[in-house]
Every structure is written in structure tokens, then in C-alpha cells.
file start.pdb (PDB, C-alpha atoms)
MODEL        1
ATOM      1  CA  MET A   1     108.563  89.685 126.843  1.00  0.00           C
ATOM      2  CA  THR A   2     112.205  88.783 126.182  1.00  0.00           C
ATOM      3  CA  ALA A   3     115.477  90.282 127.350  1.00  0.00           C
ATOM      4  CA  GLU A   4     115.798  92.198 124.077  1.00  0.00           C
ATOM      5  CA  THR A   5     112.429  94.014 124.351  1.00  0.00           C
ATOM      6  CA  SER A   6     111.267  97.039 126.346  1.00  0.00           C
ATOM      7  CA  GLN A   7     108.316  96.500 128.658  1.00  0.00           C
ATOM      8  CA  THR A   8     107.521 100.226 128.778  1.00  0.00           C
ATOM      9  CA  LEU A   9     107.578 100.589 124.998  1.00  0.00           C
ATOM     10  CA  ASP A  10     105.454  97.462 124.648  1.00  0.00           C
ATOM     11  CA  ARG A  11     102.869  98.909 127.016  1.00  0.00           C
ATOM     12  CA  GLY A  12     102.870 102.237 125.196  1.00  0.00           C
ATOM     13  CA  LEU A  13     102.250 100.528 121.867  1.00  0.00           C
ATOM     14  CA  ARG A  14      99.477  98.462 123.407  1.00  0.00           C
ATOM     15  CA  VAL A  15      97.860 101.691 124.634  1.00  0.00           C
ATOM     16  CA  LEU A  16      97.901 103.096 121.095  1.00  0.00           C
ATOM     17  CA  LYS A  17      96.414  99.900 119.680  1.00  0.00           C
ATOM     18  CA  LEU A  18      93.641  99.882 122.288  1.00  0.00           C
ATOM     19  CA  LEU A  19      92.794 103.514 121.590  1.00  0.00           C
ATOM     20  CA  ALA A  20      92.856 102.942 117.837  1.00  0.00           C
ATOM     21  CA  ASP A  21      90.251 100.203 118.234  1.00  0.00           C
ATOM     22  CA  THR A  22      87.673 102.446 119.913  1.00  0.00           C
ATOM     23  CA  ASP A  23      85.740 105.462 118.658  1.00  0.00           C
ATOM     24  CA  HIS A  24      84.834 106.877 122.066  1.00  0.00           C
ATOM     25  CA  GLY A  25      88.209 106.747 123.815  1.00  0.00           C
ATOM     26  CA  LEU A  26      89.151 105.002 127.048  1.00  0.00           C
ATOM     27  CA  THR A  27      89.530 106.166 130.631  1.00  0.00           C
ATOM     28  CA  VAL A  28      92.618 105.561 132.740  1.00  0.00           C
ATOM     29  CA  THR A  29      90.701 102.913 134.687  1.00  0.00           C
ATOM     30  CA  GLU A  30      89.607 101.129 131.514  1.00  0.00           C
ATOM     31  CA  LEU A  31      93.161 101.147 130.167  1.00  0.00           C
ATOM     32  CA  SER A  32      94.477  99.926 133.498  1.00  0.00           C
ATOM     33  CA  ASN A  33      92.096  96.982 133.442  1.00  0.00           C
ATOM     34  CA  LYS A  34      92.846  96.095 129.821  1.00  0.00           C
ATOM     35  CA  LEU A  35      96.614  96.295 130.294  1.00  0.00           C
ATOM     36  CA  GLY A  36      96.640  94.605 133.681  1.00  0.00           C
ATOM     37  CA  VAL A  37      98.735  97.368 135.293  1.00  0.00           C
ATOM     38  CA  ASN A  38      97.992  99.958 137.968  1.00  0.00           C
ATOM     39  CA  ARG A  39      96.645 103.435 137.228  1.00  0.00           C
ATOM     40  CA  THR A  40      99.968 105.136 138.018  1.00  0.00           C
ATOM     41  CA  VAL A  41     101.661 103.260 135.162  1.00  0.00           C
ATOM     42  CA  VAL A  42      98.856 104.246 132.775  1.00  0.00           C
ATOM     43  CA  TYR A  43      99.127 107.918 133.787  1.00  0.00           C
ATOM     44  CA  ARG A  44     102.845 107.875 133.007  1.00  0.00           C
ATOM     45  CA  LEU A  45     102.304 106.166 129.665  1.00  0.00           C
ATOM     46  CA  LEU A  46      99.622 108.658 128.646  1.00  0.00           C
ATOM     47  CA  ALA A  47     101.712 111.643 129.733  1.00  0.00           C
ATOM     48  CA  THR A  48     104.634 110.454 127.599  1.00  0.00           C
ATOM     49  CA  LEU A  49     102.440 109.751 124.579  1.00  0.00           C
ATOM     50  CA  GLU A  50     100.767 113.157 124.979  1.00  0.00           C
ATOM     51  CA  GLN A  51     104.154 114.872 124.828  1.00  0.00           C
ATOM     52  CA  HIS A  52     104.601 113.389 121.348  1.00  0.00           C
ATOM     53  CA  ALA A  53     101.001 114.225 120.332  1.00  0.00           C
ATOM     54  CA  LEU A  54     100.259 110.526 119.879  1.00  0.00           C
ATOM     55  CA  VAL A  55      97.497 110.663 122.499  1.00  0.00           C
ATOM     56  CA  ARG A  56      95.106 113.393 123.599  1.00  0.00           C
ATOM     57  CA  ARG A  57      92.657 113.541 126.503  1.00  0.00           C
ATOM     58  CA  ASP A  58      89.273 115.209 126.201  1.00  0.00           C
ATOM     59  CA  LEU A  59      87.537 117.300 128.857  1.00  0.00           C
ATOM     60  CA  GLY A  60      86.010 114.170 130.320  1.00  0.00           C
ATOM     61  CA  GLY A  61      89.428 112.594 130.784  1.00  0.00           C
ATOM     62  CA  ARG A  62      89.018 109.942 128.107  1.00  0.00           C
ATOM     63  CA  ALA A  63      92.175 109.216 126.115  1.00  0.00           C
ATOM     64  CA  ARG A  64      92.039 109.141 122.328  1.00  0.00           C
ATOM     65  CA  VAL A  65      94.545 108.761 119.499  1.00  0.00           C
ATOM     66  CA  GLY A  66      96.285 112.089 118.825  1.00  0.00           C
ATOM     67  CA  LEU A  67      97.051 113.919 115.605  1.00  0.00           C
ATOM     68  CA  GLY A  68     100.709 112.924 115.854  1.00  0.00           C
ATOM     69  CA  VAL A  69      99.691 109.485 114.610  1.00  0.00           C
ATOM     70  CA  LEU A  70      98.524 111.084 111.350  1.00  0.00           C
ATOM     71  CA  ARG A  71     101.955 112.618 110.797  1.00  0.00           C
ATOM     72  CA  LEU A  72     103.529 109.201 111.235  1.00  0.00           C
ATOM     73  CA  GLY A  73     100.942 107.666 108.930  1.00  0.00           C
ATOM     74  CA  ARG A  74     101.863 110.001 106.082  1.00  0.00           C
ATOM     75  CA  GLN A  75     105.295 108.411 105.992  1.00  0.00           C
ATOM     76  CA  VAL A  76     103.693 105.057 105.197  1.00  0.00           C
ATOM     77  CA  HIS A  77     102.783 106.129 101.652  1.00  0.00           C
ATOM     78  CA  PRO A  78     106.382 106.073 100.282  1.00  0.00           C
ATOM     79  CA  LEU A  79     106.957 102.604 101.760  1.00  0.00           C
ATOM     80  CA  VAL A  80     103.703 101.267 100.340  1.00  0.00           C
ATOM     81  CA  ARG A  81     104.447 102.848  96.953  1.00  0.00           C
ATOM     82  CA  GLU A  82     107.893 101.254  96.773  1.00  0.00           C
ATOM     83  CA  ALA A  83     106.516  97.813  97.611  1.00  0.00           C
ATOM     84  CA  ALA A  84     103.752  98.116  94.993  1.00  0.00           C
ATOM     85  CA  LEU A  85     105.783  99.374  92.037  1.00  0.00           C
ATOM     86  CA  PRO A  86     106.968  95.994  90.625  1.00  0.00           C
ATOM     87  CA  ALA A  87     103.415  94.650  90.415  1.00  0.00           C
ATOM     88  CA  LEU A  88     102.129  97.944  88.987  1.00  0.00           C
ATOM     89  CA  ARG A  89     104.824  98.000  86.285  1.00  0.00           C
ATOM     90  CA  ALA A  90     104.001  94.448  85.257  1.00  0.00           C
ATOM     91  CA  LEU A  91     100.283  95.266  85.173  1.00  0.00           C
ATOM     92  CA  ALA A  92     100.753  98.419  83.072  1.00  0.00           C
ATOM     93  CA  GLU A  93     102.973  96.650  80.538  1.00  0.00           C
ATOM     94  CA  ASP A  94     100.726  93.595  80.330  1.00  0.00           C
ATOM     95  CA  ILE A  95      97.462  95.495  79.848  1.00  0.00           C
ATOM     96  CA  GLY A  96      98.855  98.520  78.022  1.00  0.00           C
ATOM     97  CA  ALA A  97      97.061 100.906  80.359  1.00  0.00           C
ATOM     98  CA  THR A  98      97.941 103.209  83.239  1.00  0.00           C
ATOM     99  CA  ALA A  99      98.146 101.221  86.490  1.00  0.00           C
ATOM    100  CA  HIS A 100      97.688 102.754  89.915  1.00  0.00           C
ATOM    101  CA  LEU A 101      97.676 102.058  93.635  1.00  0.00           C
ATOM    102  CA  THR A 102      94.999 103.990  95.483  1.00  0.00           C
ATOM    103  CA  LEU A 103      94.663 104.342  99.258  1.00  0.00           C
ATOM    104  CA  VAL A 104      91.946 105.770 101.481  1.00  0.00           C
ATOM    105  CA  ASP A 105      92.700 109.286 102.703  1.00  0.00           C
ATOM    106  CA  GLY A 106      89.863 110.467 104.919  1.00  0.00           C
ATOM    107  CA  ALA A 107      86.710 110.383 102.782  1.00  0.00           C
ATOM    108  CA  ASP A 108      88.693 110.318  99.542  1.00  0.00           C
ATOM    109  CA  ALA A 109      90.542 107.858  97.350  1.00  0.00           C
ATOM    110  CA  LEU A 110      94.121 109.047  96.821  1.00  0.00           C
ATOM    111  CA  ALA A 111      96.434 107.748  94.073  1.00  0.00           C
ATOM    112  CA  VAL A 112      99.796 107.153  95.751  1.00  0.00           C
ATOM    113  CA  ALA A 113     101.556 105.314  92.908  1.00  0.00           C
ATOM    114  CA  VAL A 114     101.001 105.482  89.135  1.00  0.00           C
ATOM    115  CA  VAL A 115     102.809 103.592  86.352  1.00  0.00           C
ATOM    116  CA  GLU A 116     102.235 104.248  82.654  1.00  0.00           C
ATOM    117  CA  PRO A 117     102.904 101.640  79.927  1.00  0.00           C
ATOM    118  CA  THR A 118     106.001 102.177  77.788  1.00  0.00           C
ATOM    119  CA  TRP A 119     104.792 100.681  74.506  1.00  0.00           C
ATOM    120  CA  THR A 120     101.417 102.308  73.802  1.00  0.00           C
ATOM    121  CA  ASP A 121     100.866 105.321  71.547  1.00  0.00           C
ATOM    122  CA  TYR A 122      98.516 106.974  74.042  1.00  0.00           C
ATOM    123  CA  HIS A 123      97.178 106.426  77.533  1.00  0.00           C
ATOM    124  CA  VAL A 124      95.162 108.211  80.188  1.00  0.00           C
ATOM    125  CA  ALA A 125      97.048 110.912  82.095  1.00  0.00           C
ATOM    126  CA  TYR A 126      96.582 109.803  85.700  1.00  0.00           C
ATOM    127  CA  ARG A 127      98.900 111.371  88.238  1.00  0.00           C
ATOM    128  CA  THR A 128     100.128 110.562  91.727  1.00  0.00           C
ATOM    129  CA  GLY A 129      98.208 112.749  94.162  1.00  0.00           C
ATOM    130  CA  PHE A 130      94.967 112.597  92.188  1.00  0.00           C
ATOM    131  CA  ARG A 131      92.040 112.241  94.570  1.00  0.00           C
ATOM    132  CA  HIS A 132      88.328 111.653  94.231  1.00  0.00           C
ATOM    133  CA  SER A 133      85.410 110.541  96.375  1.00  0.00           C
ATOM    134  CA  LEU A 134      85.250 106.870  97.267  1.00  0.00           C
ATOM    135  CA  ASP A 135      81.889 106.407  95.571  1.00  0.00           C
ATOM    136  CA  ARG A 136      83.191 107.430  92.135  1.00  0.00           C
ATOM    137  CA  GLY A 137      85.645 105.556  89.935  1.00  0.00           C
ATOM    138  CA  ALA A 138      86.672 101.911  89.974  1.00  0.00           C
ATOM    139  CA  ALA A 139      89.406 102.435  92.585  1.00  0.00           C
ATOM    140  CA  GLY A 140      87.021 103.884  95.148  1.00  0.00           C
ATOM    141  CA  ARG A 141      84.223 101.453  94.399  1.00  0.00           C
ATOM    142  CA  ALA A 142      86.596  98.498  94.838  1.00  0.00           C
ATOM    143  CA  ILE A 143      87.597  99.812  98.254  1.00  0.00           C
ATOM    144  CA  LEU A 144      83.973 100.279  99.306  1.00  0.00           C
ATOM    145  CA  SER A 145      83.048  96.792  98.097  1.00  0.00           C
ATOM    146  CA  ALA A 146      85.679  95.297 100.393  1.00  0.00           C
ATOM    147  CA  ARG A 147      84.663  97.575 103.270  1.00  0.00           C
ATOM    148  CA  HIS A 148      81.002  96.586 102.994  1.00  0.00           C
ATOM    149  CA  ASN A 149      81.770  92.856 102.649  1.00  0.00           C
ATOM    150  CA  PRO A 150      84.454  92.081 105.246  1.00  0.00           C
ATOM    151  CA  GLY A 151      86.010  88.658 104.950  1.00  0.00           C
ATOM    152  CA  ILE A 152      84.706  88.193 101.408  1.00  0.00           C
ATOM    153  CA  ASP A 153      86.701  88.618  98.205  1.00  0.00           C
ATOM    154  CA  PRO A 154      84.514  90.971  96.127  1.00  0.00           C
ATOM    155  CA  GLY A 155      86.529  90.481  92.931  1.00  0.00           C
ATOM    156  CA  PHE A 156      86.883  93.587  90.771  1.00  0.00           C
ATOM    157  CA  SER A 157      84.924  96.756  90.021  1.00  0.00           C
ATOM    158  CA  LEU A 158      84.378  98.285  86.583  1.00  0.00           C
ATOM    159  CA  THR A 159      83.375 101.842  85.706  1.00  0.00           C
ATOM    160  CA  HIS A 160      83.125 104.040  82.620  1.00  0.00           C
ATOM    161  CA  GLY A 161      83.215 107.813  82.377  1.00  0.00           C
ATOM    162  CA  GLU A 162      82.884 108.485  86.105  1.00  0.00           C
ATOM    163  CA  LEU A 163      86.169 110.368  86.510  1.00  0.00           C
ATOM    164  CA  GLU A 164      87.057 111.267  82.923  1.00  0.00           C
ATOM    165  CA  THR A 165      84.942 111.276  79.795  1.00  0.00           C
ATOM    166  CA  GLY A 166      85.746 108.332  77.543  1.00  0.00           C
ATOM    167  CA  ALA A 167      87.855 106.525  80.150  1.00  0.00           C
ATOM    168  CA  SER A 168      87.087 103.146  81.678  1.00  0.00           C
ATOM    169  CA  GLY A 169      88.543 101.687  84.819  1.00  0.00           C
ATOM    170  CA  ALA A 170      88.977  98.367  86.584  1.00  0.00           C
ATOM    171  CA  ALA A 171      90.180  97.912  90.152  1.00  0.00           C
ATOM    172  CA  ALA A 172      90.406  95.275  92.862  1.00  0.00           C
ATOM    173  CA  PRO A 173      90.783  95.889  96.603  1.00  0.00           C
ATOM    174  CA  LEU A 174      93.844  95.068  98.694  1.00  0.00           C
ATOM    175  CA  LEU A 175      92.817  92.246 101.012  1.00  0.00           C
ATOM    176  CA  GLY A 176      94.407  90.959 104.197  1.00  0.00           C
ATOM    177  CA  VAL A 177      96.803  93.875 104.753  1.00  0.00           C
ATOM    178  CA  THR A 178      96.489  95.163 108.304  1.00  0.00           C
ATOM    179  CA  GLY A 179      96.259  98.941 108.518  1.00  0.00           C
ATOM    180  CA  VAL A 180      96.054  99.517 104.765  1.00  0.00           C
ATOM    181  CA  GLU A 181      92.777 100.134 102.934  1.00  0.00           C
ATOM    182  CA  GLY A 182      93.231 100.517  99.201  1.00  0.00           C
ATOM    183  CA  SER A 183      92.976  99.104  95.703  1.00  0.00           C
ATOM    184  CA  VAL A 184      94.995  98.365  92.585  1.00  0.00           C
ATOM    185  CA  GLY A 185      93.600  99.209  89.184  1.00  0.00           C
ATOM    186  CA  VAL A 186      94.009 100.406  85.633  1.00  0.00           C
ATOM    187  CA  VAL A 187      92.441 103.237  83.659  1.00  0.00           C
ATOM    188  CA  MET A 188      92.219 103.231  79.872  1.00  0.00           C
ATOM    189  CA  LEU A 189      90.665 105.140  76.965  1.00  0.00           C
ATOM    190  CA  ALA A 190      87.978 102.664  75.953  1.00  0.00           C
ATOM    191  CA  ASP A 191      84.215 102.302  75.925  1.00  0.00           C
ATOM    192  CA  SER A 192      84.499  99.150  77.979  1.00  0.00           C
ATOM    193  CA  VAL A 193      87.131  97.110  79.788  1.00  0.00           C
ATOM    194  CA  PRO A 194      88.345  93.973  77.964  1.00  0.00           C
ATOM    195  CA  GLU A 195      87.316  90.728  79.632  1.00  0.00           C
ATOM    196  CA  ARG A 196      90.805  89.656  80.682  1.00  0.00           C
ATOM    197  CA  VAL A 197      91.578  92.911  82.500  1.00  0.00           C
ATOM    198  CA  GLY A 198      89.418  92.292  85.579  1.00  0.00           C
ATOM    199  CA  PRO A 199      91.083  89.001  86.603  1.00  0.00           C
ATOM    200  CA  ARG A 200      94.521  90.492  85.822  1.00  0.00           C
ATOM    201  CA  VAL A 201      93.818  93.420  88.136  1.00  0.00           C
ATOM    202  CA  VAL A 202      92.764  91.010  90.903  1.00  0.00           C
ATOM    203  CA  GLU A 203      96.048  89.151  90.422  1.00  0.00           C
ATOM    204  CA  ALA A 204      98.027  92.409  90.674  1.00  0.00           C
ATOM    205  CA  ALA A 205      96.163  93.411  93.836  1.00  0.00           C
ATOM    206  CA  ARG A 206      97.096  90.087  95.416  1.00  0.00           C
ATOM    207  CA  GLU A 207     100.734  90.608  94.437  1.00  0.00           C
ATOM    208  CA  VAL A 208     100.761  94.044  96.068  1.00  0.00           C
ATOM    209  CA  ALA A 209      99.049  92.685  99.180  1.00  0.00           C
ATOM    210  CA  ASP A 210     101.658  89.911  99.442  1.00  0.00           C
ATOM    211  CA  ALA A 211     104.443  92.515  99.153  1.00  0.00           C
ATOM    212  CA  LEU A 212     102.948  94.512 102.001  1.00  0.00           C
ATOM    213  CA  ARG A 213     102.474  91.670 104.459  1.00  0.00           C
TER     214      ARG A 213
ENDMDL
END
call {"tool": "encode", "arguments": {"input": "start.pdb", "output": "C-alpha cells"}}
result
Amino acid sequence: MTAETSQTLDRGLRVLKLLADTDHGLTVTELSNKLGVNRTVVYRLLATLEQHALVRRDLGGRARVGLGVLRLGRQVHPLVREAALPALRALAEDIGATAHLTLVDGADALAVAVVEPTWTDYHVAYRTGFRHSLDRGAAGRAILSARHNPGIDPGFSLTHGELETGASGAAAPLLGVTGVEGSVGVVMLADSVPERVGPRVVEAAREVADALR
């Protein structure tokens, strides 16, 4: 800690991080031991966080992350979208196909940023807000490939006709971005994805990941 930081705020943030890392919640005693502070301090921290709906306690007294965190998380999408747009524009113009950034939203893949090429006569209509299950479409499959192979670069995923008849997709996961699970990809009207598109999508995903770090 330095003179410019708040010890109480630091402890509150550490509580949220500890709770976010567990599925079954933590008791006051467990939090006290992990933080190295007495139970009275933990009670005060939890009471404050509960007032803002950032923490909730179940009937057994275990503290868990509250729904207020979800409301804060929704505000992340505009920031992520803004950071990704330059790489998406370059990808769309280079490939001549609709480029998109897709993030995990519950059990779905949600398109949070879409850029269409300016020079093509036609392209796939793919809109911000479009969602689909993670096990369908290149964007979702790329995310799952990274999820199932942590620490390994899975490259890119290719699909055809899974989300729209006659459309093919290529996507690569965002890697090394704490707190963000997503992918960058393109969708095009074609029977198959040209060979150079996969590596180009991987490159764009790395550019977006670098912008978000």
C-alpha cells in the first residue's frame, strides 16, 4: 500500500476477487484468514458491498458475488467494442467480409461489435446484438476451443452453414485477456473459407487482445 491508495477499498476489491474465484462462496472466517484481518473488518466490508448489491449472503452465511457485479459488467461491452474497432475495420477491408467481435454472455455467444467492408457488392448481414449458442458458428466454437485447451493457442475455427444457409465463418479466440472470453471472426457468403482468411483472423484476434491488455 502507498500513501495514495485506500486500504479499505483495496480490501473490498480483494474480497470481490476472492469470491469471484470460488463457486461455493466463502464464510466470514475463511475471508478473514485469506485477507489476514479480523472478522469484524470482514463483516464491515461485506455489509458495505451488500448495500451496493456487489455481494450477497446465502442462508448458510456464505458470501457470494452479487448481481450488482453483472450491472457493472454490462458497461464493459462499449469499452471493449471501442478498443476492437480498428482491428475489425482492417480485417473487414482486407478480407472483404463482415468482421465481428463476439463475447460470452451466459451460455450464448453475443456479437458486441460488427464492421462491414466498404468495397464489396454484397456481404452477410450480421448485426450487433446477434446471439447464438456457443456450440454453433465459428465464433462460439473458437471460444470453446480456447476454454477446453487453456494455455494453448488453438488457432482458428471454420464453419459453414451453421448459422445461416450459404454462409461460412472463421474465428479465432481472444487469448491472454483477463476477464474477457471472446473471439474475433469474419462471416462471408461462400461455400468455403479461403486459405488466407484463417491466419488473418488469428492476427486480428491478437491485435484486439493487445488493445485490451
call {"tool": "atom_distance", "arguments": {"input": "start.pdb", "atom1": "atom CA of A:Leu103", "atom2": "atom CA of A:Ala125"}}
result
18.5 Å
call {"tool": "atom_distance", "arguments": {"input": "start.pdb", "atom1": "atom CA of A:Pro78", "atom2": "atom CA of A:Ala205"}}
result
17.5 Å
call {"tool": "closest_residue", "arguments": {"input": "start.pdb", "among": "A:Ala209, A:Val80, A:Ala63, A:Ala107", "to": "A:Asp135", "atoms": "only C-alpha atoms"}}
result
A:Ala107
call {"tool": "residues_near_point", "arguments": {"input": "start.pdb", "point": "(96.4, 113.9, 122.6)", "cutoff": "10 Å", "atoms": "only C-alpha atoms", "output": "NGL selection string"}}
result
:A and (46-47 or 49-58 or 63-69)
call {"tool": "atom_distance", "arguments": {"input": "start.pdb", "atom1": "atom CA of A:Thr128", "atom2": "atom CA of A:Glu195"}}
result
26.5 Å
call {"tool": "resolve_selection", "arguments": {"input": "start.pdb", "expression": "the PyMOL selection byres ((chain A and resi 113) around 8)", "output": "NGL selection string"}}
result
:A and (81 or 84-85 or 100-102 or 111-112 or 114-115 or 128)
call {"tool": "resolve_selection", "arguments": {"input": "start.pdb", "expression": "the PyMOL selection byres ((chain A and resi 206) around 10)", "output": "number ranges by chain"}}
result
A: 87, 172-176, 183-184, 200-205, 207-212
call {"tool": "closest_residue", "arguments": {"input": "start.pdb", "among": "A:Ala92, A:Ala99, A:Val104, A:Val187", "to": "A:Gly161", "atoms": "only C-alpha atoms"}}
result
A:Val187
call {"tool": "resolve_selection", "arguments": {"input": "start.pdb", "expression": "the PyMOL selection byres ((chain A and resi 12) around 9)", "output": "short mmCIF file (atom, residue, chain, number, x, y, z; two decimals) with C-alpha atoms, in the frame of the given file"}}
result
data_model
loop_
_atom_site.label_atom_id
_atom_site.label_comp_id
_atom_site.auth_asym_id
_atom_site.auth_seq_id
_atom_site.Cartn_x
_atom_site.Cartn_y
_atom_site.Cartn_z
CA GLN A 7 108.32 96.50 128.66
CA THR A 8 107.52 100.23 128.78
CA LEU A 9 107.58 100.59 125.00
CA ASP A 10 105.45 97.46 124.65
CA ARG A 11 102.87 98.91 127.02
CA LEU A 13 102.25 100.53 121.87
CA ARG A 14 99.48 98.46 123.41
CA VAL A 15 97.86 101.69 124.63
CA LEU A 16 97.90 103.10 121.10
CA LYS A 17 96.41 99.90 119.68
CA VAL A 42 98.86 104.25 132.78
CA LEU A 45 102.30 106.17 129.66
CA LEU A 46 99.62 108.66 128.65
CA THR A 48 104.63 110.45 127.60
CA LEU A 49 102.44 109.75 124.58
#
call {"tool": "residues_around", "arguments": {"input": "start.pdb", "residues": "A:Thr29", "least_positions_apart": "6", "cutoff": "10 Å", "atoms": "only C-alpha atoms", "output": "PyMOL selection string"}}
result
chain A and resi 35+37-39+42-43+62
call {"tool": "build_atoms", "arguments": {"input": "start.pdb", "residues": "stretch 30-39 of chain A", "atoms": "all heavy atoms", "output": "mmCIF file, in the frame of the given file"}}
result
data_model
loop_
_atom_site.group_PDB
_atom_site.id
_atom_site.type_symbol
_atom_site.label_atom_id
_atom_site.label_comp_id
_atom_site.auth_asym_id
_atom_site.auth_seq_id
_atom_site.Cartn_x
_atom_site.Cartn_y
_atom_site.Cartn_z
ATOM 1 N N GLU A 30 89.843 102.135 132.551
ATOM 2 C CA GLU A 30 89.607 101.129 131.514
ATOM 3 C C GLU A 30 90.922 100.634 130.920
ATOM 4 O O GLU A 30 91.103 99.429 130.703
ATOM 5 C CB GLU A 30 88.718 101.727 130.419
ATOM 6 C CG GLU A 30 87.270 101.928 130.863
ATOM 7 C CD GLU A 30 86.467 102.736 129.865
ATOM 8 O OE1 GLU A 30 87.063 103.528 129.109
ATOM 9 O OE2 GLU A 30 85.228 102.580 129.846
ATOM 10 N N LEU A 31 91.852 101.552 130.679
ATOM 11 C CA LEU A 31 93.161 101.147 130.167
ATOM 12 C C LEU A 31 93.906 100.303 131.185
ATOM 13 O O LEU A 31 94.573 99.320 130.835
ATOM 14 C CB LEU A 31 93.983 102.379 129.801
ATOM 15 C CG LEU A 31 93.598 103.078 128.492
ATOM 16 C CD1 LEU A 31 94.279 104.433 128.388
ATOM 17 C CD2 LEU A 31 93.979 102.207 127.293
ATOM 18 N N SER A 32 93.812 100.685 132.437
ATOM 19 C CA SER A 32 94.477 99.926 133.498
ATOM 20 C C SER A 32 93.980 98.486 133.534
ATOM 21 O O SER A 32 94.768 97.536 133.645
ATOM 22 C CB SER A 32 94.221 100.603 134.852
ATOM 23 O OG SER A 32 94.742 99.835 135.914
ATOM 24 N N ASN A 33 92.673 98.326 133.416
ATOM 25 C CA ASN A 33 92.096 96.982 133.442
ATOM 26 C C ASN A 33 92.494 96.166 132.216
ATOM 27 O O ASN A 33 92.804 94.972 132.314
ATOM 28 C CB ASN A 33 90.573 97.071 133.525
ATOM 29 C CG ASN A 33 90.087 97.613 134.861
ATOM 30 O OD1 ASN A 33 90.792 97.504 135.865
ATOM 31 N ND2 ASN A 33 88.907 98.214 134.875
ATOM 32 N N LYS A 34 92.507 96.814 131.047
ATOM 33 C CA LYS A 34 92.846 96.095 129.821
ATOM 34 C C LYS A 34 94.319 95.712 129.770
ATOM 35 O O LYS A 34 94.686 94.671 129.211
ATOM 36 C CB LYS A 34 92.473 96.949 128.601
ATOM 37 C CG LYS A 34 90.974 97.092 128.368
ATOM 38 C CD LYS A 34 90.671 97.979 127.179
ATOM 39 C CE LYS A 34 89.181 98.103 126.926
ATOM 40 N NZ LYS A 34 88.568 96.818 126.512
ATOM 41 N N LEU A 35 95.174 96.564 130.316
ATOM 42 C CA LEU A 35 96.614 96.295 130.294
ATOM 43 C C LEU A 35 97.060 95.415 131.456
ATOM 44 O O LEU A 35 98.142 94.827 131.405
ATOM 45 C CB LEU A 35 97.398 97.612 130.322
ATOM 46 C CG LEU A 35 97.300 98.511 129.093
ATOM 47 C CD1 LEU A 35 97.971 99.855 129.376
ATOM 48 C CD2 LEU A 35 97.950 97.848 127.890
ATOM 49 N N GLY A 36 96.253 95.379 132.504
ATOM 50 C CA GLY A 36 96.640 94.605 133.681
ATOM 51 C C GLY A 36 97.730 95.269 134.498
ATOM 52 O O GLY A 36 98.560 94.587 135.118
ATOM 53 N N VAL A 37 97.749 96.604 134.513
ATOM 54 C CA VAL A 37 98.735 97.368 135.293
ATOM 55 C C VAL A 37 97.987 98.393 136.122
ATOM 56 O O VAL A 37 96.809 98.667 135.892
ATOM 57 C CB VAL A 37 99.767 98.069 134.382
ATOM 58 C CG1 VAL A 37 100.530 97.045 133.554
ATOM 59 C CG2 VAL A 37 99.085 99.084 133.465
ATOM 60 N N ASN A 38 98.681 98.997 137.125
ATOM 61 C CA ASN A 38 97.992 99.958 137.968
ATOM 62 C C ASN A 38 97.838 101.311 137.280
ATOM 63 O O ASN A 38 98.480 101.591 136.269
ATOM 64 C CB ASN A 38 98.708 100.111 139.321
ATOM 65 C CG ASN A 38 100.121 100.646 139.176
ATOM 66 O OD1 ASN A 38 100.351 101.673 138.543
ATOM 67 N ND2 ASN A 38 101.080 99.956 139.789
ATOM 68 N N ARG A 39 96.982 102.155 137.840
ATOM 69 C CA ARG A 39 96.645 103.435 137.228
ATOM 70 C C ARG A 39 97.856 104.362 137.106
ATOM 71 O O ARG A 39 97.951 105.136 136.159
ATOM 72 C CB ARG A 39 95.532 104.109 138.041
ATOM 73 C CG ARG A 39 94.193 103.408 137.910
ATOM 74 C CD ARG A 39 93.248 103.839 139.034
ATOM 75 N NE ARG A 39 93.119 105.284 139.095
ATOM 76 C CZ ARG A 39 92.188 105.976 138.455
ATOM 77 N NH1 ARG A 39 91.310 105.351 137.684
ATOM 78 N NH2 ARG A 39 92.117 107.284 138.583
#
